[in-house]
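Structure first, then comments.
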Amino acid sequence: MNMKTSLLRVAMGSLLLGGFLHLSFAQESVQDLGSSVVQADLPSKAILEGLREDDDLKDQKLNRSLATTIAETIKNEPDVAIRSMGPAAARPVIKGLSGNHVELIEDGVFCGDMSATSPDHAVASEVLTALRLRVLRGPHILRHSYSAAGGVVQVERNDIPFDDSVFHGYIADYVESAQPGFATAVGANASVKELSLKGELSARRMGNMETPDGILDNTEIKNSSGAVGAAYGLGRFKFGTSYRWFNSDYGIPGGFIGGHPNGVDIELLKRDLTLRGLYLPASAISDTLDVTLRMNQYHHKELEGETVGAEFAVNQENLRLEKFMANLGPLFGLRIGAETEIRSVKMGGYVFTPPTRSYNAALFAMASTNGWQGLEISLSARVGASIFKPRESVVADKNSIDERTFGLWAFDVEFSQRVGVGKFLTFDAFRTTRAPTIEELYNQGPHLAAYTYERGSHKLDAESGYGSELEYRSYGDWFTWRAITHATYFLNYLAPRATGDTNWSQLLPIYQVQGDRALLFGASSSVETSAERGVYSLASASYVRGVLRDGDWGNMPQIPPFKFHGELGYIWDGLRTSAYTDCALAQRFVDRYEGSTPGYITFGLLAEIYWELELARYTIVFRVDNLFDSDVRNHLSRLKSVMPEKGRNFSVLAKAEF
């Protein structure tokens with residue numbers, strides 16, 4: 001993309017942004033949903049936004065789903081799959097898109113790890129300490145990312161304790177058998193007058209993964225993390241700070257062609273310092289100004305025996321400003337903001353990517369309206385630029401040391417119409433984009449832990465495309481139902497693809513990042529009976545297909561197959577039991593040089609005991625996954641041809657909240 005085109009597109013995006021800020025209408029919303037009523041928390045909250053929050057994993061729903069990683073915990077959500085390279089290195093995939101198409105944020109700001117860049121890099125976040133997991137959809141994506149076709153996984157911890165609670169805390173313990181070990185966490189919040197404090201500690205120790213075909217060596221996990229936070233209120237101002245650390249040692253298995261003979265051991269540490277300020281005008285507490293500064297340090301070593309095969313050091317600073325205004329004329333909700341980021345990446349060991357500094361800046365806005373006989377409209381836009389400045393290095397290809405600048409713009413327009421009592425039809429139209437990553441631009445060498453020889457291209461253009469999504473929701477007396485269909489046409493889709501060639505000095509397959517036209521489409525559906533006591537059931541299914549215009553239309557790489565999750569159970573006072581099944585069809589629609597995978601079906605059992613006393617509430621969840629020890633091959637796993645996924649797995653979660 002040349003500079004004139006980039007500036008023109010940024011200007012067009014700016015005009016769209018300005019236009020969005022002048023649309024709308026307003027009305028406080030109380031919506032009849034059959035046997036229940038949903039009322040927006042504030043007049044500024046769209047009904048659809050409130051309904052989508054029902055899909056969040058939190059409280060007891062989160063407890064029943066908790067597993068080893070964030071990706072494994074949310075794997076049964078519609079349109080969600082797992083990209084993995086062992087149990088530790090697992091990351092969510094949304095609607096068939098992975099890597100930088102899926103942003104992970106903690107308390108509203110970037111997670112700050114390198115999990116998006118390679119399948120052997122783990123997400124540097126402990127799931128046991130999460131208060132809520134949410135997959136952001138529609139216009140909300142553009143508050144944090146340009147990738148409207150993908151998604152954002154939001155992890156809420158409330159490290160800066162902006163609340164008025166006198167005291168509350170929790171103790172949680174998790175054990176399982178298929179990767180023998182435990183995880184434990186303890187946290188507490190306390191408030192004295194205008195000062196609130198938070199403290200948290202966690203640890204995870206898990207052994208090698210046990211599969212139906214035997215033990216997969218070098219898959220141990222050792223994690224430790226903690227956080228401290230403080231908040232202080234001073235009239236209409238609130239100030240807070242937090243410090244979070246995460247350490248992890250985990251293994252990537254080997255002993256087969258393309259892998260290190262003894263596998264690779266990865267050591268990483270992450271440090272986050274966050275400063276945040278809130279301004280609450282006296283006229284309306286719903287009109288706020290939120291300023292957040294996060295400084296992040298990340299260090300990652302890949303050890304091949306005693307030798308450092310690869311090393312990554314990342315320093316990142318992110319400044320985010322967001323203004324929220326309610327009841328602004330005809331608008332009942334308007335968010336405008338700006339975000340800047342400086343990222344410095346240095347690489348060592350047997351890595352051939354030059355040290356690079358990148359600069360990113362963006363403006364974003366989201367407006368919501370309500371009226372016209374039950375029609376809601378939400379509009380969002382994000383415009384900005386990314387600049388990459390690599391430096392010469394003795395190991396890097398000097399011909400690829402080229403500074404690049406990308407102008408970026410994306411938008412999302414969402415129409416939601418009430419079509420009956422408790423029934424909603426929603427249509428999204430969006431433009432998606434993203435800049436190439438440092439690795440996609442400048443990689444030129446082996447990545448032994450990922451079993452690949454990687455080639456980037458410093459001449460890549462930004463990824464871009466247009467898409468739409470149609471969603472139907474029905475809330476009735478007996479059940480709720482949701483169905484979604486989506487399609488995205490990429491003008492330039494960026495992905496590493498196997499070339500069929502081999503780097504014989506390393507015995508590694510060569511993967512080349514390239515851009516091409518692509519079409520990605522799919523559908524998902526979920527249904528759940530409405531029961532607070534007695535028999536209940538739920539089911540969900542997802543399917544996605546992708547094709548590339550590579551001379552002739554061929555299959556996109558690394559697309560998950562059709563999957564289904566079903567559950568049948570019974571609820572008593574304080575007790576829930578269920579039996580469930582997960583299945584996937586065989587994946588035959590594969591890219592060239594990509595192997596197919598067979599289908600599978602597994603069964604499981606769950607029992608949850610929940611009770612409350614005067615000062616505390618207690619939860620115990622017993623779960624048996626893959627009851628019959630079935631052979632499960634995850635199509636998005638780099639290990640699928642070597643070993644199946646976890647076999648029969650007994651797990652227990654015990655949690656006390658007070």
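Each chain in the structure tokens gets a letter, A, B and so on, in the order shown; residues start at 1 in every chain, and ligands are counted from 1 in the order they appear.
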
DSSP on the backbone: which residues in region 14-246 of chain A end up as helix (DSSP H, G or I)? Give the answer as a count of residues only.
37

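Those residues that approach Ile336 (chain A) to within 8 Å, counting only C-alpha atoms, are Glu322, Lys323, Phe324, Leu363, Phe364, Ala365 and Met366 of chain A; same-chain residues fewer than 3 positions away are not listed.
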
Quick one: pick out all strand (DSSP E) residues within region 163-295 of chain A from a backbone DSSP run and write them as a ChimeraX atom specification.
/A:167-176,181-192,195-206,209-211,214-216,221-234,237-252,264-279,288-295

Requested write-out: C-alpha atoms of the selected residues, as a compact mmCIF listing (two decimals), in the first residue's frame:
# COMPACT_ATOMS: atom_id res chain seq x y z
CA PHE A 167 -14.13 -6.86 52.57
CA HIS A 168 -14.45 -9.84 50.25
CA GLY A 169 -12.19 -12.59 49.02
CA TYR A 170 -11.94 -16.13 47.73
CA ILE A 171 -9.91 -19.35 47.89
CA ALA A 172 -9.96 -21.70 44.89
CA ASP A 173 -8.31 -25.07 44.23
CA TYR A 174 -8.34 -27.17 41.08
CA VAL A 175 -6.98 -30.71 40.47
CA GLU A 176 -7.17 -33.06 37.51
CA GLY A 181 -1.39 -31.75 39.32
CA PHE A 182 -3.13 -28.83 40.92
CA ALA A 183 -3.79 -25.11 40.74
CA THR A 184 -4.58 -22.87 43.69
CA ALA A 185 -5.46 -19.21 44.09
CA VAL A 186 -6.31 -16.85 46.93
CA GLY A 187 -7.39 -13.23 46.72
CA ALA A 188 -8.95 -10.53 48.89
CA ASN A 189 -10.26 -6.97 48.61
CA ALA A 190 -10.70 -4.53 51.49
CA SER A 191 -11.86 -0.92 51.74
CA VAL A 192 -11.30 1.70 54.42
CA LEU A 195 -9.08 3.61 50.01
CA SER A 196 -9.56 0.14 48.45
CA LEU A 197 -6.88 -2.56 48.32
CA LYS A 198 -6.52 -5.87 46.49
CA GLY A 199 -4.09 -8.78 46.80
CA GLU A 200 -3.91 -12.07 44.90
CA LEU A 201 -1.60 -15.08 44.59
CA SER A 202 -1.84 -18.23 42.48
CA ALA A 203 0.24 -21.29 41.56
CA ARG A 204 -0.17 -24.15 39.10
CA ARG A 205 1.85 -27.40 38.97
CA MET A 206 0.83 -29.99 36.39
CA MET A 209 -0.34 -35.04 29.67
CA GLU A 210 -1.88 -38.53 29.62
CA THR A 211 -3.54 -39.56 26.37
CA GLY A 214 0.23 -43.03 26.37
CA ILE A 215 1.99 -40.16 28.13
CA LEU A 216 3.09 -37.18 26.04
CA ILE A 221 3.33 -26.72 33.41
CA LYS A 222 4.64 -24.63 36.29
CA ASN A 223 2.95 -21.26 36.68
CA SER A 224 2.95 -18.65 39.40
CA SER A 225 1.24 -15.27 39.38
CA GLY A 226 0.11 -12.51 41.65
CA ALA A 227 -1.30 -9.01 41.74
CA VAL A 228 -1.57 -6.07 44.10
CA GLY A 229 -3.81 -3.09 43.50
CA ALA A 230 -5.05 0.07 45.17
CA ALA A 231 -7.71 2.68 44.42
CA TYR A 232 -8.48 6.00 46.07
CA GLY A 233 -11.50 8.26 45.70
CA LEU A 234 -11.15 12.02 45.90
CA PHE A 237 -11.96 11.71 40.85
CA LYS A 238 -10.83 8.13 41.35
CA PHE A 239 -7.22 7.05 41.02
CA GLY A 240 -5.80 3.56 41.02
CA THR A 241 -2.76 1.45 40.30
CA SER A 242 -1.98 -2.25 40.04
CA TYR A 243 1.02 -4.48 39.50
CA ARG A 244 0.61 -8.00 38.11
CA TRP A 245 3.26 -10.63 37.49
CA PHE A 246 3.12 -13.99 35.72
CA ASN A 247 5.88 -16.63 35.52
CA SER A 248 5.62 -19.87 33.55
CA ASP A 249 7.83 -22.83 32.73
CA TYR A 250 6.25 -25.27 30.32
CA GLY A 251 7.28 -27.88 27.80
CA ILE A 252 6.82 -28.38 24.07
CA VAL A 264 11.84 -27.58 24.04
CA ASP A 265 11.45 -26.01 27.48
CA ILE A 266 10.01 -22.50 27.55
CA GLU A 267 10.49 -20.01 30.36
CA LEU A 268 8.52 -16.78 30.31
CA LEU A 269 7.80 -13.93 32.65
CA LYS A 270 5.45 -11.00 32.29
CA ARG A 271 5.18 -7.83 34.38
CA ASP A 272 2.36 -5.29 34.10
CA LEU A 273 2.19 -1.92 35.83
CA THR A 274 -1.13 -0.12 35.33
CA LEU A 275 -2.13 3.42 36.29
CA ARG A 276 -5.76 4.46 35.90
CA GLY A 277 -7.82 7.56 36.57
CA LEU A 278 -11.58 8.15 36.41
CA TYR A 279 -13.46 11.43 36.32
CA THR A 288 -17.13 9.38 32.64
CA LEU A 289 -13.59 9.96 31.44
CA ASP A 290 -11.32 6.94 31.80
CA VAL A 291 -7.52 7.22 31.35
CA THR A 292 -5.35 4.09 31.55
CA LEU A 293 -1.58 3.72 31.17
CA ARG A 294 -0.14 0.21 31.12
CA MET A 295 3.59 -0.56 30.97

Using only C-alpha atoms, which protein or nucleic acid residues come within 6 Å of region 120-125 of chain A? Drop anything in the same chain fewer than 6 positions from it, and give the result as a PyMOL selection string.
chain A and resi 85+88-89+113+450
